[in-house]
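**Student:** I'd like to ask some things about the structure below.
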Amino acid sequence: MPSIDKLMNFRLKYLFPGSPGFKWLLGISLFTLLCAGLLIARCQQEIRNQFTWALAASLLLALLAQLLILRKMRHKEEQRSTIEDKLQRSESKYRNLIDNVNGVIYSADLDGQIEFASAGVKTLTGYTPDEMAGQDYSFLVDPSCLAEVSAHYRNQLQAGIKETALEFRMINRSGKKKWVEQLALLLEKDGQPTGFQCFVRDISEKKQMQQDLEAYESRLKENQILLVSILNNTTAIVYVKNIDGKYMLANRRFLEVLQTIETQVIGHTDYDLVTPQLADHYKALDDKVLQTGSSIQTEERLPAGKEGDTHIHFLITKFPLKDNENKIIGIGGIATDITERVRFQQQLISANIEAEDARKMQEQFLANMSHEIRTPMNGIQGMINLLMETALTHQQQEFASVIQQSADNLLVIINDILDLSKIKAGKLAMERIDFHLQDVISNIHSLFAHRVKKKNLLFEIRIDPAIPKEIQGDPHRLNQVLINLVGNAVKFTEKGRIRLTAALEAFGPQSVDLAFTVEDSGIGIPKDILPYVFESFSQASVAISRKYGGTGLGLAICHQLIALQGGCISVTSQEGEGTTFSFRLSYGHSVTGGQVRHIPASSQDFSALLAGKHFLVVEDNPVNQKLMDLVVRKAGGRVTLASNGQEAIPCLEAYLYDLIIMDLQMPVMDGYETTKYIRNILRLHTPVMAMTANAINGEQLRCLEAGMNDYMSKPFDFKEFYRHVADLLRNAGPIASRSKEKDYSLSLLEEVGDEDYIQDILSCFLSTVPDQMTELQQANAAKDYDKLFLIAHRLKGSTGMMQATALTENLSRLEQLSREKTDASDLVHGTMILFEELIRQLEMEKRSRIAQAEKTSR
Amino acid sequence: MRILVAEDEPILIRTIELRLKKDGHEVFLATDGQQALDQFTASLPDMIITDIMMPYASGLEIISFVRQQTGKRIPVIILSSMGQEDVVLEAFQLGADDYITKPFSPNELSVRVRRLLPA
């Protein structure tokens, strides 16, 4: 309440008078009261009464007047003190402001001499305001900008510019440079400049920040330029898309590859740039990045070239772009052109394929070469052998001998090369049969006995008596290794001995481990060559090759053959002292228990072996025909020649031979087919010996499967041939008793003892079975297994009565296969052949029976 | 005697038929199971020679059927194949009297038939 406030104020002033007006007023009032009192006391009662009232009234009036005067005075007093107060406060306020302002205020005259400076000058310059007074403003300005500053203020003064602002450097008392900003106000009086009023502020910090900012901005700009040049010059494609798949950035290479311009890319999506399928694909990739929040790498290709017939291959890395809060805001992509790499990879792949093809061709070539070389070699060797047994002059004998030796050497080389290539191609299979170790070693002995004796060497053979007589493994490969090692020993030893030992290393429940050594006292192997002796084509030196001959493949083959059997071979040698080869092989225990067929000892007289025997030679090569003819005749046999299977069949139908020599590769009808025909159709058990120039794996097995009894590869050794032939003839037994067999027997029916009965049944068979055969074929063709089963079963009953064993067995098998619903076309085919033959035979039977019956009845 | 021969294989039928006729029997033929059952009811034979595996009704079914008939006990000979030994056993359990394995000697069959027929 302002009125109360005022009242209070007044009362306080009144009670505690302080101003001279008050004191004076108070004196008058007291004096008036005293006079009035005295007047009252001196007057008479009546007068006093009247007068008292008048006096009281005048006194009251005087008081009222006094009050009014006081009040007026008080108001004036109040007004005066408020102005004073205000002035004082204002001055201190501005003084404060000036002294505490973040800067310096000073005034200077027109010459720049400082008249007054605020307290802040100490902080800015290091000088007190007093020290500053009277100084020229320029004494603190950095000399480097003094000229500029002076000019500025001169200009302000001359142009009468009211207010200017200038930034310049100054140097403070301690020599430190500071950036300041000076606001200069031109003071004027009556239109004439009187001086400057200036405000100076330290802007060093602001200036520094500004400079930092400028530096930062320029760095930023540089970086930007750098980035843009990198982006536009890199061979990689670089782009940035926002979260909606719209391009935000695409570098020059991007535009080049897509053959477009920036305005068609930025703000657009892949759907505006590539085919919808491709865009879908890219979108799927982008979505994956957005979903997983991690980068992905993928190989992509884009059509290139005018017709789009070539492709550019890219390795693209797509990665998420994240803001400060780790929120994905887009996708970045970098694609590297890997076309060259891909092309290189493709070249590599096709090179590999080519290499594989080449390897296969090489194999095929080897197989062909094997055949092509062995065939003429067979002729050469055979004819030489025969030639040498004719009456020759000494010189002719010598020439023939050289030819023979050369042919033998050539064959060894060919066999070595073929063996090695077979091993390398992994095509050499190991046998696992029971054999007598003694047989193998005896063979080695007899093979080399002659040469050892001729060189006057001692040939020692030691076989550990603890070695079981029969073991299981591959005797031929052991033989091959031993021939090689002993052959080498004989070749490289001029005097002394050769020792072959076989020792029992371990006798286990599953295996018999044997250690073989071949030791000689020959020329030895130089130390530096020793580590390489088992490598291909490594003979000690050219000189040695020339002197001793050989391909340098022998030891490599030994090494491989032993390794293939799970063994190992080692060598020790001292030059000039001799060489020792040792190898270990693991064999199995024999399972036949003494039934092993001995490899017959060599050196037998075969001259009478084939006496009276008649051979059918099925062979297309005229030289080999001639050779076989000579070889067989030499041993007393007779030969009929057939150029192929088809020619052979009429011979076989007409005559019973003791043995058939069958070439495998023949035109028109080859050896396999012919043999099958002989066994299945002609039903002959005549032994068949296969002759082949093929060195292909598995040939032997195929021959045996076709029904052949033995197998020899061309060129062959005569003695070997005679041994095989002798074996076959011995096992075949007396040939004379054999007759061409019938597929059937009517013995069950004959028991009845009624010719009509037999003929009736025969007629029944011949009239019903052919129809059923047709049904059988139809059921097979229709894959109607139930029907096939039924017919086979029914026919089985019929053929059973005729005791056509082979056919009945076939039908049993057919029953089984059709029950299992297994395709039996091959079997049906074979069955039909047997059926036709049976029908043919039964018709003959019937005819002969009718003829017989007619004869009897006549 | 009247003998019913049930067999689906023509050569065997002929072999058996001729052989039995030689012995003076009257032979009725059936080439499947159903015919055999019909023939049996129609001709009421003195003996049955039946194959095991036939269309429509097997030899085993024929034996069962025959054995269910009251009256005279009719001898049954089974014609079996090699490898059907277990079936032969079953046939015996059902009441077969004898069996002969194909291929068989017609004479042997004749002897077996004679042995089972009443003198």
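All residue names refer to the structure tokens as shown: chains lettered A, B, ... in order, residues numbered from 1 in each chain, ligands numbered from 1 in order.
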Just need the residues of chain A within 10 Å of chain B, counting only C-alpha atoms, so spit them out as number ranges by chain.
**Tutor:** A: 747-754, 757-758, 760-769, 790-791, 793-803, 812
**Student:** Include N, CA and C atoms and write out the residues we just selected as a tab-separated table (two decimals), in the first residue's frame.
**Tutor:**
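Below is the file that was written, part_34.tsv:
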chain	number	residue	atom	x	y	z
A	747	SER	N	16.00	-139.40	-71.06
A	747	SER	CA	16.10	-140.64	-70.28
A	747	SER	C	14.86	-140.90	-69.43
A	748	LEU	N	14.27	-139.83	-68.88
A	748	LEU	CA	13.09	-140.03	-68.03
A	748	LEU	C	11.94	-140.63	-68.84
A	749	LEU	N	11.82	-140.12	-70.07
A	749	LEU	CA	10.73	-140.59	-70.91
A	749	LEU	C	11.04	-141.98	-71.47
A	750	GLU	N	12.35	-142.18	-71.73
A	750	GLU	CA	12.75	-143.47	-72.30
A	750	GLU	C	12.47	-144.62	-71.34
A	751	GLU	N	12.47	-144.27	-70.04
A	751	GLU	CA	12.20	-145.30	-69.03
A	751	GLU	C	10.86	-146.00	-69.28
A	752	VAL	N	9.94	-145.20	-69.82
A	752	VAL	CA	8.59	-145.76	-70.03
A	752	VAL	C	8.63	-146.91	-71.03
A	753	GLY	N	9.66	-146.80	-71.92
A	753	GLY	CA	9.84	-147.90	-72.87
A	753	GLY	C	8.80	-147.93	-73.97
A	754	ASP	N	8.35	-146.74	-74.33
A	754	ASP	CA	7.31	-146.68	-75.36
A	754	ASP	C	7.69	-145.57	-76.33
A	757	TYR	N	5.11	-142.99	-76.99
A	757	TYR	CA	4.99	-142.07	-75.84
A	757	TYR	C	5.99	-140.93	-75.98
A	758	ILE	N	7.23	-141.29	-76.28
A	758	ILE	CA	8.29	-140.28	-76.43
A	758	ILE	C	7.95	-139.32	-77.56
A	760	ASP	N	5.11	-138.66	-78.85
A	760	ASP	CA	3.93	-137.86	-78.50
A	760	ASP	C	4.36	-136.65	-77.65
A	761	ILE	N	5.18	-136.97	-76.62
A	761	ILE	CA	5.61	-135.88	-75.74
A	761	ILE	C	6.46	-134.86	-76.52
A	762	LEU	N	7.34	-135.40	-77.40
A	762	LEU	CA	8.18	-134.51	-78.21
A	762	LEU	C	7.31	-133.58	-79.07
A	763	SER	N	6.32	-134.17	-79.69
A	763	SER	CA	5.43	-133.37	-80.54
A	763	SER	C	4.73	-132.32	-79.71
A	764	CYS	N	4.28	-132.74	-78.56
A	764	CYS	CA	3.59	-131.81	-77.66
A	764	CYS	C	4.52	-130.64	-77.31
A	765	PHE	N	5.78	-130.99	-76.99
A	765	PHE	CA	6.76	-129.96	-76.63
A	765	PHE	C	6.95	-128.98	-77.80
A	766	LEU	N	7.19	-129.58	-78.99
A	766	LEU	CA	7.49	-128.75	-80.15
A	766	LEU	C	6.29	-127.92	-80.59
A	767	SER	N	5.10	-128.36	-80.26
A	767	SER	CA	3.93	-127.59	-80.69
A	767	SER	C	3.53	-126.54	-79.66
A	768	THR	N	3.82	-126.75	-78.39
A	768	THR	CA	3.37	-125.76	-77.40
A	768	THR	C	4.46	-124.77	-76.96
A	769	VAL	N	5.70	-125.26	-76.89
A	769	VAL	CA	6.75	-124.40	-76.34
A	769	VAL	C	7.04	-123.14	-77.16
A	790	LEU	N	5.19	-116.38	-64.24
A	790	LEU	CA	4.29	-117.50	-64.48
A	790	LEU	C	4.75	-118.33	-65.67
A	791	ILE	N	5.13	-117.65	-66.75
A	791	ILE	CA	5.55	-118.37	-67.96
A	791	ILE	C	6.86	-119.09	-67.70
A	793	HIS	N	8.01	-120.13	-64.94
A	793	HIS	CA	7.76	-121.27	-64.05
A	793	HIS	C	7.18	-122.45	-64.84
A	794	ARG	N	6.24	-122.16	-65.69
A	794	ARG	CA	5.58	-123.21	-66.46
A	794	ARG	C	6.58	-123.88	-67.41
A	795	LEU	N	7.38	-123.04	-68.10
A	795	LEU	CA	8.37	-123.57	-69.05
A	795	LEU	C	9.42	-124.41	-68.33
A	796	LYS	N	9.71	-123.98	-67.11
A	796	LYS	CA	10.71	-124.70	-66.33
A	796	LYS	C	10.27	-126.15	-66.13
A	797	GLY	N	8.98	-126.35	-65.91
A	797	GLY	CA	8.46	-127.69	-65.77
A	797	GLY	C	8.68	-128.51	-67.03
A	798	SER	N	8.41	-127.87	-68.18
A	798	SER	CA	8.55	-128.57	-69.46
A	798	SER	C	10.00	-128.92	-69.76
A	799	THR	N	10.89	-127.92	-69.65
A	799	THR	CA	12.29	-128.18	-69.98
A	799	THR	C	12.89	-129.16	-68.99
A	800	GLY	N	12.34	-129.13	-67.76
A	800	GLY	CA	12.80	-130.07	-66.75
A	800	GLY	C	12.57	-131.50	-67.19
A	801	MET	N	11.43	-131.75	-67.79
A	801	MET	CA	11.12	-133.11	-68.23
A	801	MET	C	12.06	-133.54	-69.35
A	802	MET	N	12.52	-132.53	-70.15
A	802	MET	CA	13.46	-132.83	-71.23
A	802	MET	C	14.90	-132.85	-70.69
A	803	GLN	N	15.03	-132.56	-69.44
A	803	GLN	CA	16.33	-132.46	-68.76
A	803	GLN	C	17.30	-131.54	-69.49
A	812	SER	N	14.92	-120.85	-64.00
A	812	SER	CA	14.87	-120.68	-62.54
A	812	SER	C	15.32	-119.28	-62.17
**Student:** Skip B:Leu60 itself and residues of its chain fewer than 4 positions away, then list as a PyMOL selection string all residues within 12 Å of it, counting only C-alpha atoms.
**Tutor:** chain B and resi 6+33+36-37+49-54+56+64-67+76-80+87-96
**Student:** Could you write out the selected residues, including C-alpha atoms, as a tab-separated table (two decimals), in the first residue's frame?
**Tutor:**
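The result, written out as part32.tsv:
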chain	number	residue	atom	x	y	z
B	6	ALA	CA	-4.52	-130.70	-62.04
B	33	GLY	CA	-7.20	-124.50	-59.70
B	36	ALA	CA	-9.75	-128.71	-60.64
B	37	LEU	CA	-12.31	-127.92	-57.94
B	49	ILE	CA	-2.58	-135.54	-58.69
B	50	THR	CA	-2.11	-131.81	-58.35
B	51	ASP	CA	0.47	-129.20	-59.03
B	52	ILE	CA	1.07	-126.71	-56.22
B	53	MET	CA	1.25	-123.47	-58.11
B	54	MET	CA	-1.65	-122.90	-60.46
B	56	TYR	CA	-7.09	-119.30	-59.49
B	64	SER	CA	-8.05	-128.46	-48.06
B	65	PHE	CA	-11.23	-128.63	-50.11
B	66	VAL	CA	-10.91	-132.34	-50.74
B	67	ARG	CA	-10.13	-133.11	-47.12
B	76	VAL	CA	-3.69	-136.87	-53.13
B	77	ILE	CA	-0.25	-136.70	-54.77
B	78	ILE	CA	1.53	-133.37	-54.94
B	79	LEU	CA	3.63	-132.30	-57.93
B	80	SER	CA	6.31	-130.01	-56.51
B	87	VAL	CA	5.25	-126.02	-49.31
B	88	VAL	CA	5.42	-129.81	-49.54
B	89	LEU	CA	5.56	-129.92	-45.75
B	90	GLU	CA	2.49	-127.73	-45.56
B	91	ALA	CA	0.73	-129.96	-48.07
B	92	PHE	CA	1.45	-132.99	-45.90
B	93	GLN	CA	0.03	-131.19	-42.88
B	94	LEU	CA	-3.13	-130.47	-44.86
B	95	GLY	CA	-3.45	-134.15	-45.69
B	96	ALA	CA	-1.46	-134.89	-48.87
**Student:** For atom CA of A:Leu610 and atom CA of A:Val632, determine how far apart the two atoms are, in Å to one decimal place.
**Tutor:**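 So the two atoms, atom CA of A:Leu610 and atom CA of A:Val632, lie 7.2 Å apart.
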**Student:** With only C-alpha atoms as the basis for distance, which of B:Arg112, B:Glu85, B:Glu61, B:Gln69 is at the shortest distance from B:Asp32?
**Tutor:**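 Using only C-alpha atoms, B:Asp32 sits closest to B:Glu61.
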**Student:** What's the 9 Å shell around A:Ile562, counting only C-alpha atoms, without same-chain residues fewer than 6 positions away, as a ChimeraX atom specification?
**Tutor:** /A:477-478,481,568-569,583-585
**Student:** Just write the chosen residues, C-alpha atoms, as a short mmCIF file (atom, residue, chain, number, x, y, z; two decimals), in the first residue's frame.
**Tutor:**
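Just written: again_2.cif:
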data_model
loop_
_atom_site.label_atom_id
_atom_site.label_comp_id
_atom_site.auth_asym_id
_atom_site.auth_seq_id
_atom_site.Cartn_x
_atom_site.Cartn_y
_atom_site.Cartn_z
CA ARG A 477 55.03 -109.02 -59.63
CA LEU A 478 57.53 -110.59 -57.24
CA VAL A 481 60.98 -107.36 -59.29
CA CYS A 568 59.49 -100.82 -49.34
CA ILE A 569 62.83 -101.10 -51.07
CA PHE A 583 62.96 -105.05 -49.91
CA ARG A 584 60.20 -106.18 -47.62
CA LEU A 585 56.84 -107.53 -48.66
#
**Student:** Give me the residues near B:Leu44 as a VMD selection string, where near means some atom within 10 Å (using only C-alpha atoms) and where sequence neighbours in that chain fewer than 2 positions away do not count.
**Tutor:** chain B and resid 2 to 4 38 to 42 46 to 48 74
